[in-house]
Structures are given as structure tokens and as C-alpha cells.
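Student: One structure is given below, represented as C-alpha cells, and several questions about it will come after.
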Amino acid sequence: HAAWFALKHRPMGGRSTINIDIQRQVEHLSREHLKRLPRETELAVVVINIEDSGIVSMLGSGNPADPVDGQINGALVKRSPGSALKPFVYAAAFEAGRLNGESIVYDIPISRGGW
């Protein structure tokens with residue numbers, strides 16, 4: 001998916017921020033990690049350089065060559081963040097004084113602007 005992304009955003013060539021060594025390492029580590037998980041498990045990885053916001057590595061699925069699941073770039077598709085954001089939301093609420101140790105937070109579905 002990294003090559004597809006680079007070609008889409010720079011069709012006439014030019015410099016890419018993808019680091020081939022890091023890309024290969026992400027692909028290898030992802031394959032190794034998936035071996036220990038159920039077969040239907042998918043993953044996506046994006047590595048961003050915090051100094052210049054360049055995308056250093058992108059892997060949209062565990063097996064991009066798969067003719068069905070591999071064709072979906074999970075790094076770019078819109079999806080609900082689920083519980084991944086909860087620690088950040090709760091930390092901000094604690095810092096702002098909107099939550100404390102006695103607070104009860106109900107875990108119920110909500111929708112904001114289509115999300």
C-alpha cells in the first residue's frame with residue numbers, strides 16, 4: 001500500500017517520505033505478529049515522522065497481495081476509533097476537572113457528525 005499511496009500522491013515522480021528500511025521492517029514485524037493471531041485478524045500500520053509529519057511507512061493490511069482482504073487499505077479507510085481514544089479523552093476530562101475518581105462514565109454508543 002505504501003507504493004500505491006506514493007504513486008497516487010506523486011504521479012509524476014519526485015521524492016517520497018517512505019523509508020524503505022522501515023517499510024520492510026514494518027512488513028516483516030506485521031507478518032510475524034499475525035502468525036500468532038487468529039486467521040481472520042487484520043491490521044494496518046502508519047509510521048509518521050514527528051519532525052516533518054512525513055509518512056515513513058504505511059501498511060494497509062497484513063497481506064496486501066490477498067485478492068480479497070488485501071485490497072482494502074485499512075490505514076486510510078474511515079472507521080470508528082472505538083476504545084482507542086478513551087485514555088486520551090478521560091485524561092483530558094480529568095485535567096479539565098470534568099471527571100474525578102468518583103465519576104461514573106457510561107459506556108454507551110454515541111454519534112457525532114457521522115462518527
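Labels used: A, B, ... for chains in the order of the C-alpha cells, numbers from 1 for residues in each chain, and numbers from 1 for ligands as shown.
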Write down as a ChimeraX atom specification the residues belonging to chain A that are assigned strand (DSSP E or B) by DSSP computed on the backbone.
Tutor: /A:45-48,55-59
Student: Which is closest to A:Thr17 among A:Gly82, A:Gly113, A:Pro87, A:Gly54, if we use only C-alpha atoms?
Tutor: A:Gly54
Student: Using only C-alpha atoms, which residues sit within 12 Å of A:Ser111 once same-chain residues fewer than 4 positions away are excluded, as a PyMOL selection string?
Tutor: chain A and resi 80-82+115
Student: Compile the contact shell of A:Arg31 as a count of residues only: residues with an atom at most 12 Å away, counting only C-alpha atoms, same-chain residues fewer than 2 positions apart removed.
Tutor: 22
Student: According to DSSP computed on the backbone, where in chain A is there helix (DSSP H, G or I)? Give the residues as a VMD selection string.
Tutor: chain A and resid 2 to 9 20 to 35 69 to 71 82 to 95
Student: Next, write the just-selected residues to a file, as a short mmCIF file (atom, residue, chain, number, x, y, z; two decimals), in the first residue's frame, keeping N, CA and C atoms as the atom set.
Tutor:
```
data_model
loop_
_atom_site.label_atom_id
_atom_site.label_comp_id
_atom_site.auth_asym_id
_atom_site.auth_seq_id
_atom_site.Cartn_x
_atom_site.Cartn_y
_atom_site.Cartn_z
N ALA A 2 2.06 1.19 0.51
CA ALA A 2 2.93 2.37 0.54
C ALA A 2 3.25 2.84 -0.87
N ALA A 3 3.56 1.89 -1.76
CA ALA A 3 3.88 2.27 -3.15
C ALA A 3 2.66 2.87 -3.83
N TRP A 4 1.50 2.26 -3.64
CA TRP A 4 0.27 2.80 -4.23
C TRP A 4 0.02 4.22 -3.73
N PHE A 5 0.18 4.43 -2.43
CA PHE A 5 -0.04 5.75 -1.84
C PHE A 5 0.93 6.77 -2.43
N ALA A 6 2.20 6.41 -2.53
CA ALA A 6 3.21 7.33 -3.08
C ALA A 6 2.91 7.67 -4.53
N LEU A 7 2.54 6.68 -5.33
CA LEU A 7 2.23 6.93 -6.74
C LEU A 7 0.98 7.78 -6.90
N LYS A 8 -0.01 7.55 -6.06
CA LYS A 8 -1.25 8.33 -6.15
C LYS A 8 -0.99 9.80 -5.83
N HIS A 9 -0.16 10.06 -4.84
CA HIS A 9 0.08 11.43 -4.41
C HIS A 9 1.23 12.12 -5.14
N ILE A 20 12.40 2.99 2.97
CA ILE A 20 12.29 1.59 2.56
C ILE A 20 12.73 0.62 3.65
N ASP A 21 13.74 0.99 4.43
CA ASP A 21 14.19 0.09 5.51
C ASP A 21 13.12 -0.05 6.59
N ILE A 22 12.51 1.05 6.97
CA ILE A 22 11.44 1.00 7.98
C ILE A 22 10.23 0.29 7.40
N GLN A 23 9.91 0.53 6.12
CA GLN A 23 8.78 -0.13 5.47
C GLN A 23 8.96 -1.65 5.51
N ARG A 24 10.15 -2.11 5.15
CA ARG A 24 10.41 -3.56 5.17
C ARG A 24 10.31 -4.12 6.58
N GLN A 25 10.80 -3.38 7.56
CA GLN A 25 10.72 -3.83 8.95
C GLN A 25 9.27 -3.91 9.41
N VAL A 26 8.45 -2.92 9.07
CA VAL A 26 7.03 -2.94 9.42
C VAL A 26 6.35 -4.15 8.78
N GLU A 27 6.64 -4.40 7.51
CA GLU A 27 6.04 -5.55 6.82
C GLU A 27 6.44 -6.86 7.50
N HIS A 28 7.73 -7.00 7.82
CA HIS A 28 8.21 -8.22 8.47
C HIS A 28 7.59 -8.41 9.85
N LEU A 29 7.62 -7.36 10.68
CA LEU A 29 7.06 -7.46 12.03
C LEU A 29 5.57 -7.74 12.00
N SER A 30 4.87 -7.16 11.04
CA SER A 30 3.43 -7.39 10.92
C SER A 30 3.14 -8.84 10.56
N ARG A 31 3.89 -9.38 9.59
CA ARG A 31 3.70 -10.80 9.22
C ARG A 31 3.95 -11.71 10.42
N GLU A 32 5.03 -11.44 11.16
CA GLU A 32 5.36 -12.27 12.32
C GLU A 32 4.29 -12.16 13.41
N HIS A 33 3.79 -10.97 13.64
CA HIS A 33 2.76 -10.76 14.66
C HIS A 33 1.47 -11.48 14.26
N LEU A 34 1.09 -11.39 12.98
CA LEU A 34 -0.15 -12.02 12.53
C LEU A 34 -0.11 -13.55 12.65
N LYS A 35 1.06 -14.14 12.60
CA LYS A 35 1.18 -15.59 12.74
C LYS A 35 0.66 -16.07 14.10
N ASP A 69 -9.16 -9.48 1.01
CA ASP A 69 -8.90 -8.61 2.15
C ASP A 69 -7.72 -7.66 1.94
N GLY A 70 -6.75 -8.07 1.16
CA GLY A 70 -5.56 -7.26 0.96
C GLY A 70 -5.79 -6.01 0.14
N GLN A 71 -6.89 -5.95 -0.58
CA GLN A 71 -7.15 -4.81 -1.45
C GLN A 71 -7.71 -3.61 -0.70
N GLY A 82 -13.39 3.58 18.22
CA GLY A 82 -13.69 2.65 19.31
C GLY A 82 -13.08 3.08 20.62
N SER A 83 -12.52 2.15 21.34
CA SER A 83 -11.96 2.44 22.66
C SER A 83 -10.54 3.00 22.61
N ALA A 84 -9.96 3.09 21.43
CA ALA A 84 -8.57 3.55 21.32
C ALA A 84 -8.38 4.97 21.85
N LEU A 85 -9.41 5.80 21.77
CA LEU A 85 -9.29 7.19 22.21
C LEU A 85 -9.66 7.39 23.67
N LYS A 86 -10.26 6.41 24.30
CA LYS A 86 -10.74 6.59 25.68
C LYS A 86 -9.68 7.09 26.65
N PRO A 87 -8.47 6.54 26.67
CA PRO A 87 -7.49 7.06 27.64
C PRO A 87 -7.20 8.54 27.44
N PHE A 88 -7.18 9.00 26.20
CA PHE A 88 -6.89 10.41 25.93
C PHE A 88 -8.07 11.31 26.31
N VAL A 89 -9.27 10.84 26.02
CA VAL A 89 -10.47 11.60 26.37
C VAL A 89 -10.61 11.69 27.89
N TYR A 90 -10.42 10.57 28.57
CA TYR A 90 -10.52 10.57 30.03
C TYR A 90 -9.44 11.44 30.66
N ALA A 91 -8.22 11.36 30.15
CA ALA A 91 -7.13 12.18 30.70
C ALA A 91 -7.44 13.66 30.55
N ALA A 92 -7.95 14.06 29.38
CA ALA A 92 -8.30 15.47 29.17
C ALA A 92 -9.42 15.89 30.11
N ALA A 93 -10.40 15.01 30.32
CA ALA A 93 -11.51 15.33 31.21
C ALA A 93 -11.03 15.46 32.66
N PHE A 94 -10.12 14.59 33.09
CA PHE A 94 -9.55 14.69 34.44
C PHE A 94 -8.78 16.00 34.60
N GLU A 95 -7.95 16.33 33.61
CA GLU A 95 -7.16 17.56 33.68
C GLU A 95 -8.04 18.80 33.71
#
```
Student: Of the candidates A:Ile72, A:Val46, A:Ile104, A:Ile18, which one gets nearest to A:Met58 if we count only C-alpha atoms?
Tutor: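 Looking only at the distances to A:Met58, the closest residue turns out to be A:Val46.
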